[in-house]
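Enquirer: What follows is a single structure, and I will ask about it in a moment.
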Amino acid sequence: MVATVVPSSAAAALSLLEEPESELQSHALRSLNVLADVFWPEISAAVPKIQEMSEDGAFPDASLAALVAAKVLFHLGELDEALVYALSAGDQFDVAADTEFAKTLRARCIDDYISQMEAEEAEIATAAATPSTLGNGIVEESLLPPKQLQAEMKAVFERVVEECISTGRVREAIGVSLDARRLDCVEAAITRGCKEPEERADALAYCFSCAQRLLSSRSFRKQVLRLVADLHRKEQTPREVVIANCLAHLSDAGGVAEALVRLVTPSSNGGSADADTQRELLALQICFDIVDNDHPHFATQVAALLPQPQPQHSAPASALPAARESETPASGDGDAAPMAVDSAAGVANGDALAPASADSRQQLDYKLNKLRAILSGTTSSALALHFLCSLNGADTYALRKVKSSLDSRSSVGHSALVFANALAHAGTAIDGFLRTNLDWLRRATAWAKFSATACLGVIHARHSTAAHRLLSPYLPTPGPHPLGPGAAGSTSASSTSYSEGGALYALGLISATSGRSAPLGPGGESGSAYLLSALRSATGSPVVEHGACLGLGLAAMASWDGDSASEEYDALCETLAGDDAVAGEAAALGIGLLGLGSGSELAVNTLLAQARETAHEKVARGCALGLALLSYGREESAEGLIDTMSAESDASIRYGAQYAVALAYCGTGDNRALRRLLNAAVADVHNDVRRAAVLCLGFVLFRRPESVPSTTALLAESCHAHVRYGAAMALGIGCVGTGLPAAVRMLERLSGDSVDFVRQGALLGLALVLMHHSEARSSAAGAARKLFARTAADKHEDVLTKFGAVIAGGLIDAAGRNGVIALVSPAGHVRMSAVVGLTIFTQYWHWFPLVHCIGLSLRPAALTALDASLRMPKMDGEAATASSGEATAKDAVKESPMCLMTAPRGMFAYPPSGPPETTKADAPAPAAVLSITLKARSREARKARNKAAAAASDSSAAKDGEAASASGGGDVDMVVESGGADTKAASSTDGPAARTRSRAKPEAGGEAAEGTPNKSDAKDGEDPAMAADEDADKKAKKGKKKSVKIAEDGKSGDGDGAAGAGESSGSPSTPALPVVETLPLRNPSRVLPGQECTCAGRRRAGVPCRPRWPAASRGWSWFGTRPTARRRPSTWNSSARRLPRRRPEIYPWRRLRRRPWLRRRCPPRRSSHRLHRPRAAAP
């Protein structure tokens, strides 16, 4: 085992530095280089000596001394100075070493080198003119000359790149080379680091993606794309689609046209027909990609550079796919679906596309005509129209439900539903909802009528051949406007002016989506030409001029380069010079749309001067937005204009400056643009400027949606309501169509904000984020749709929030649930029309009719397959899904490779539409039982038990009575009515027989019946209790004014018969007693049998309380026959009238407890007591 000596100090090596011999000093430096990472505190005292040795040119190991000094300075925290000495060490500094010192200084060196290269590119400073800036400090010029320092840093950078290439880390080498603006290193990493074609293709794709997403310099990005195209051409099998895509990014129309001609030209080396067909398909795909990139001006340039066909071989215009659509007849029943399906079906089937002869030149002309038809945009528009119309899934039930819930008197709600219907049916050419609700639609007046007419342009987007026919009832007639020149001013406009202006606006929307060359006018002229003539004829009507200016700007979008003469620009400038608040705003927007992205100095000066001079805020804001549109995509070239607008005192111009930043850097994620917007969001004093600054963050970051929630998190919690609204809209724009959970959570929280317009922005942002998302893709989609419907139907919700909810309901299911807002094309290009449409849509805050411009951003969510004849192929097999078996999926791929679908079923299913299905109701949850409910149930159960016991007692008593009657025993009381009508007997088992009392009516002769005492005799023989009853009866009759009839027997029969009856019973002759009528008592006193009455009157009278028991038979009492039932009064207190609980064997008549007229009562003491009085029996 070998012993290892571990040094405990660096003193020995430090002592050797003082020796005069250079060999000893070199030995000391080698020792210190090993010990520096551990004993650097001890070595730090000798740093000046080591620095002198590194600067001494005669010292042989000066580079080693510089390395030792760099290590000690690194541990002391002097990174800038340590980097200088490390770079002076040359090869002694191992950049590939796996130490903290090497890693830190290597990263610091690369960062500083990148900063220097960026500064050189931007011409901020040059290495020879200014000292080099390293990190956060400034390096002294005496240490190293700037040029030598740059050379050393460059050497370190190249060594790092070479080390990455040698180890196979090609992507790291490409990334650091792009950051350092070193195209030579990028090319070396791709050519030398990738051996196989697939590896080179992957590296080139990564390089293209980095150029689009990470590079902020527009000029360097173009250089990278040019390099990628050149490297693709050097491949053995060049990828023509990728090359054309790079040239399209470079706006190289000539290179694209040359590639298209090369692909459609038959090969001269006698290639096969299949190879020529494949090359032709590549050319067609390139043309479709150019159109899908949404740069109509570039597509027009490419089509113009294609060789023109010979006159004798030229195909007629009807041979192009788009021209067949004009032969479709009009539909007068309001359903435009058959019109769109028939017209687009002819395009899809490729009718009349076959060449007339087999001549090679004619074949070439035929192919070139197909390319021109595609580049014009008419073919893509017809296919999109066919798809959206035939597969429309819009939910009209939801629209009808919202219509019924909105206040019919609110014009804001009316306009919101018009916008929602337009978005829900955008591009479908189905306007049935409007036609079936014409009475409701006629309620629109003034600008609401303008918006209602313009919505036809969104619904019939791409329907170019039927546009003029559909809008002809609303379009203005040719010639001067009937109002004349004296009709200036929006207040004097007639009702037809609003529909005419809206129709012109709608025509511009249709033209912007149908292709620039699509015929829209009655004579076959283009949309821009027709709208230009309409603008010139609309002099004197600001409303019509407003619609014509907007339509002209949309139809001629990005068609002016900013330098050449333009009739459209002159007409718009003439309208702007009139300084009308309504027409001037639209004219300024039209100028910006016309010169979109041109940065024309002429247009900039015109708009800026008008914005400063005008007294109308609408005109100033329109000019500011026009300036922002002119800056589209210019990036650093627009910095001068942005600085000028940001320094203005007018808030409207500063408002436009925020949109200028957003459009100039849209989709780049540039840090300078983000710093500008965030600074304005917190520093500006105007609400509109702060709101626009936060909103525009979404336009800059929409290529990186995952970074939008983190960027706007603090802004969404701001105490400023306008900032929160801007954060909500920025989330919607930056994360549009992504369904990002973080963005959804933030928007759901903002949807419950206390401010109405913040809730409005949150609902719109939620609809943008969840567009084209089913519940299978995002669980929040279904909840969001319910939230929109619930908010729109809430009668207590604010009108602004309901406006946002209604529009959000149409936006989330836009284009018949088949459309999505796509700001980036599949090829990676920013879609110009989509960005512009979304930008103008955000201006609905100031002007509602601009909502319709969001239709420019909608794109069909479809993948269309075509063959060389532009026909849709028939799929032989059914689509294979991920849920199918592996064998089934493989078979489907063999039969039809284009119909393989790996997504699970239901991932892209339509949400349920129509009224909700009635489902079986779930079992209700167990309800809480209160104590009072339990008491009531116990009381009812007790009643039931008592009733059963009483019934049993009655049956036993009846049996006993029958037995007693049969045996002749017991005491019997006979009560006989005078007249012999009835004879009733009741057997009494309660002791001695009761006395019988009767009041008989004298007979007609005036003589009483035999054995019947007269009235005076009855009083004399009556006990004092009955006398007291009658006296109380009289008092009650006088006090309460109640009539009590004392009915005597009116049908007295034979006295003999009565006497005979009495004799037969063995008792004196007794007439029948009258019916007893019972009046209720408020507080009846209860005296139990055997108890003494407590009534003071009876006690003073000295009369004892005699118990009155009812007979055993049902309904009998001591007072005669069954009393007549009376209605229970409102003061009934059942609990106070119950008898105490008694044993059933002692009181078998328990069932009579609830019959108060059968209970024992004391004689009344006052008029409120229950009174018993005789009543004549009913005949």
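By convention here, the chains of the structure tokens are called A, B, ... in the order presented, each chain's residues are numbered starting at 1, and ligands are numbered starting at 1 in the order presented.
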Show which residues sit within 7 Å of Gly819 in chain A, as a list in words. Count only C-alpha atoms, and ignore same-chain residues fewer than 4 positions away.

Expert: Ala814, Ala815, Leu858, Arg859, Pro860 and Ala861 of chain A

Enquirer: Skip Asn392 in chain A itself and residues of its chain fewer than 2 positions away, then list as a list in words all residues within 10 Å of it, counting only C-alpha atoms.

Expert: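 Within the cut-off, the hits are Ala337, His386, Phe387, Leu388, Cys389, Ser390, Ala394, Asp395, Ala424, His425, Ala426, Gly427, Thr428, Ala429, Ile430, Ala815, Gly816, Arg817 and Asn818 of chain A.
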
Enquirer: As an exercise, work out the distance from CA of Asp756 in chain A to CA of Ala721 in chain A in Å and give it to one decimal place.

Expert: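 According to the coordinates, CA of Asp756 in chain A and CA of Ala721 in chain A are separated by 9.5 Å.
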
Enquirer: Within 7 Å of range 469-478 of chain A, counting only C-alpha atoms, which residues show up once you throw out same-chain ones fewer than 2 positions away? Write them as a list in words, please.

Expert: Ala466, Ala467, Pro480, Ser499, Glu500, Ala503 and Leu504 of chain A

Enquirer: Identify, on the basis of only C-alpha atoms, every residue whose closest approach to range 649-654 of chain A does not exceed 10 Å; exclude the query and any residue fewer than 5 positions from it along the same chain; express the result as an mmCIF file with N, CA and C atoms, in the first residue's frame.

Expert:
data_model
loop_
_atom_site.group_PDB
_atom_site.id
_atom_site.type_symbol
_atom_site.label_atom_id
_atom_site.label_comp_id
_atom_site.auth_asym_id
_atom_site.auth_seq_id
_atom_site.Cartn_x
_atom_site.Cartn_y
_atom_site.Cartn_z
ATOM 1 N N LEU A 608 -49.911 60.889 -38.451
ATOM 2 C CA LEU A 608 -49.407 61.539 -37.249
ATOM 3 C C LEU A 608 -49.821 63.003 -37.205
ATOM 4 N N ALA A 611 -53.566 63.162 -36.352
ATOM 5 C CA ALA A 611 -53.812 62.832 -34.946
ATOM 6 C C ALA A 611 -53.484 64.006 -34.033
ATOM 7 N N ARG A 612 -52.501 64.799 -34.395
ATOM 8 C CA ARG A 612 -52.133 65.948 -33.564
ATOM 9 C C ARG A 612 -53.070 67.136 -33.767
ATOM 10 N N GLU A 617 -61.649 62.794 -30.556
ATOM 11 C CA GLU A 617 -60.911 61.688 -29.956
ATOM 12 C C GLU A 617 -61.002 60.434 -30.811
ATOM 13 N N LYS A 618 -62.129 60.207 -31.473
ATOM 14 C CA LYS A 618 -62.275 59.027 -32.327
ATOM 15 C C LYS A 618 -61.291 59.079 -33.486
ATOM 16 N N VAL A 619 -61.119 60.232 -34.086
ATOM 17 C CA VAL A 619 -60.182 60.347 -35.209
ATOM 18 C C VAL A 619 -58.753 60.145 -34.728
ATOM 19 N N ALA A 620 -58.412 60.737 -33.572
ATOM 20 C CA ALA A 620 -57.048 60.571 -33.047
ATOM 21 C C ALA A 620 -56.760 59.102 -32.733
ATOM 22 N N ARG A 621 -57.728 58.423 -32.149
ATOM 23 C CA ARG A 621 -57.519 57.017 -31.844
ATOM 24 C C ARG A 621 -57.421 56.192 -33.125
ATOM 25 N N GLY A 622 -58.233 56.494 -34.135
ATOM 26 C CA GLY A 622 -58.132 55.784 -35.401
ATOM 27 C C GLY A 622 -56.784 55.994 -36.074
ATOM 28 N N CYS A 623 -56.259 57.225 -36.023
ATOM 29 C CA CYS A 623 -54.932 57.486 -36.603
ATOM 30 C C CYS A 623 -53.847 56.723 -35.848
ATOM 31 N N ALA A 624 -53.958 56.650 -34.528
ATOM 32 C CA ALA A 624 -52.963 55.921 -33.746
ATOM 33 C C ALA A 624 -52.979 54.433 -34.092
ATOM 34 N N LEU A 625 -54.159 53.865 -34.259
ATOM 35 C CA LEU A 625 -54.237 52.454 -34.646
ATOM 36 C C LEU A 625 -53.737 52.248 -36.072
ATOM 37 N N LEU A 627 -51.315 53.932 -37.453
ATOM 38 C CA LEU A 627 -49.856 53.918 -37.338
ATOM 39 C C LEU A 627 -49.356 52.574 -36.814
ATOM 40 N N ALA A 628 -50.101 51.994 -35.880
ATOM 41 C CA ALA A 628 -49.704 50.684 -35.368
ATOM 42 C C ALA A 628 -49.774 49.620 -36.466
ATOM 43 N N ILE A 642 -42.201 54.154 -32.714
ATOM 44 C CA ILE A 642 -42.719 53.833 -31.378
ATOM 45 C C ILE A 642 -42.235 54.867 -30.359
ATOM 46 N N ASP A 643 -40.968 55.262 -30.455
ATOM 47 C CA ASP A 643 -40.463 56.284 -29.529
ATOM 48 C C ASP A 643 -41.206 57.599 -29.701
ATOM 49 N N THR A 644 -41.485 57.974 -30.946
ATOM 50 C CA THR A 644 -42.200 59.232 -31.198
ATOM 51 C C THR A 644 -43.606 59.198 -30.626
ATOM 52 N N TYR A 659 -50.064 49.340 -29.172
ATOM 53 C CA TYR A 659 -50.403 48.410 -30.250
ATOM 54 C C TYR A 659 -49.313 48.388 -31.320
ATOM 55 N N ALA A 660 -48.601 49.492 -31.481
ATOM 56 C CA ALA A 660 -47.475 49.477 -32.421
ATOM 57 C C ALA A 660 -46.381 48.530 -31.942
ATOM 58 N N ALA A 680 -45.045 50.753 -19.444
ATOM 59 C CA ALA A 680 -46.246 51.565 -19.671
ATOM 60 C C ALA A 680 -47.405 51.093 -18.804
ATOM 61 N N ASP A 684 -47.762 54.686 -16.854
ATOM 62 C CA ASP A 684 -48.615 55.658 -17.522
ATOM 63 C C ASP A 684 -49.787 56.052 -16.610
ATOM 64 N N VAL A 685 -50.281 57.273 -16.836
ATOM 65 C CA VAL A 685 -51.327 57.806 -15.966
ATOM 66 C C VAL A 685 -52.716 57.615 -16.541
ATOM 67 N N HIS A 686 -52.847 57.171 -17.772
ATOM 68 C CA HIS A 686 -54.155 57.047 -18.408
ATOM 69 C C HIS A 686 -54.608 55.600 -18.373
ATOM 70 N N ASN A 687 -55.887 55.402 -18.071
ATOM 71 C CA ASN A 687 -56.426 54.038 -17.958
ATOM 72 C C ASN A 687 -56.360 53.286 -19.275
ATOM 73 N N ASP A 688 -56.687 53.962 -20.379
ATOM 74 C CA ASP A 688 -56.679 53.281 -21.676
ATOM 75 C C ASP A 688 -55.282 52.802 -22.045
ATOM 76 N N VAL A 689 -54.277 53.599 -21.761
ATOM 77 C CA VAL A 689 -52.903 53.225 -22.106
ATOM 78 C C VAL A 689 -52.446 52.033 -21.270
ATOM 79 N N ARG A 690 -52.759 52.050 -19.992
ATOM 80 C CA ARG A 690 -52.355 50.942 -19.129
ATOM 81 C C ARG A 690 -53.075 49.651 -19.524
ATOM 82 N N ALA A 692 -54.244 48.886 -22.519
ATOM 83 C CA ALA A 692 -53.717 48.414 -23.798
ATOM 84 C C ALA A 692 -52.331 47.806 -23.642
ATOM 85 N N ALA A 693 -51.500 48.367 -22.747
ATOM 86 C CA ALA A 693 -50.154 47.836 -22.567
ATOM 87 C C ALA A 693 -50.182 46.412 -22.033
#

Enquirer: If you count only C-alpha atoms, which residues fall within 10 Å of Ala13 in chain A, apart from same-chain ones fewer than 6 positions away, as a ChimeraX atom specification?

Expert: /A:24-25,27-32,35,43

Enquirer: Would you write out those residues with N, CA and C atoms, as a compact mmCIF listing (two decimals), in the first residue's frame?

Expert:
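For reference, out33.txt as written:
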# COMPACT_ATOMS: atom_id res chain seq x y z
N LEU A 24 12.94 27.48 -10.42
CA LEU A 24 12.30 27.33 -9.12
C LEU A 24 10.94 28.02 -9.08
N GLN A 25 10.84 29.18 -9.74
CA GLN A 25 9.56 29.88 -9.77
C GLN A 25 8.51 29.08 -10.56
N HIS A 27 8.49 25.82 -10.86
CA HIS A 27 8.10 24.70 -10.01
C HIS A 27 7.11 25.16 -8.93
N ALA A 28 7.34 26.34 -8.41
CA ALA A 28 6.42 26.87 -7.39
C ALA A 28 5.04 27.12 -7.99
N LEU A 29 4.95 27.65 -9.21
CA LEU A 29 3.66 27.91 -9.85
C LEU A 29 2.91 26.60 -10.14
N ARG A 30 3.66 25.55 -10.53
CA ARG A 30 2.98 24.27 -10.77
C ARG A 30 2.40 23.71 -9.48
N SER A 31 3.13 23.91 -8.38
CA SER A 31 2.61 23.45 -7.10
C SER A 31 1.41 24.29 -6.66
N LEU A 32 1.51 25.61 -6.86
CA LEU A 32 0.40 26.48 -6.47
C LEU A 32 -0.85 26.24 -7.32
N LEU A 35 -2.62 23.53 -5.60
CA LEU A 35 -3.09 23.86 -4.27
C LEU A 35 -4.03 25.07 -4.23
N ILE A 43 -2.63 31.86 -0.44
CA ILE A 43 -1.94 32.31 -1.66
C ILE A 43 -2.34 33.72 -2.03

Enquirer: Find the residues near Leu441 in chain A: any atom within 12 Å, counting only C-alpha atoms, skip ones fewer than 5 places away on the same chain, and give them as a ChimeraX atom specification.

Expert: /A:403,408,411,414-415,417-418,421,433-436,448-453,455

Enquirer: Please, which residues of range 164-297 of chain A, numbered as in this document, come out alpha helix (DSSP H) from DSSP, as a VMD selection string?

Expert: chain A and resid 164 to 166 170 to 179 183 to 193 197 to 213 218 to 233 240 to 249 253 to 264 273 to 292 296 to 297

Enquirer: Figure out the distance between CA of Val582 in chain A and CA of Glu545 in chain A, please, to one decimal in Å.

Expert: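 Value for the CA of Glu545 in chain A-CA of Val582 in chain A distance: 8.4 Å.
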
Enquirer: Identify which of the residues A:Val38, A:Arg939, A:Gly432, A:Glu198 lies closest to Thr237 in chain A, counting only C-alpha atoms when measuring atom-to-atom distances.

Expert: A:Glu198

Enquirer: Could you state the separation of CA of Glu121 in chain A and CA of Asp252 in chain A in Å, given to one decimal place?

Expert: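 These two atoms are separated by 23.2 Å.
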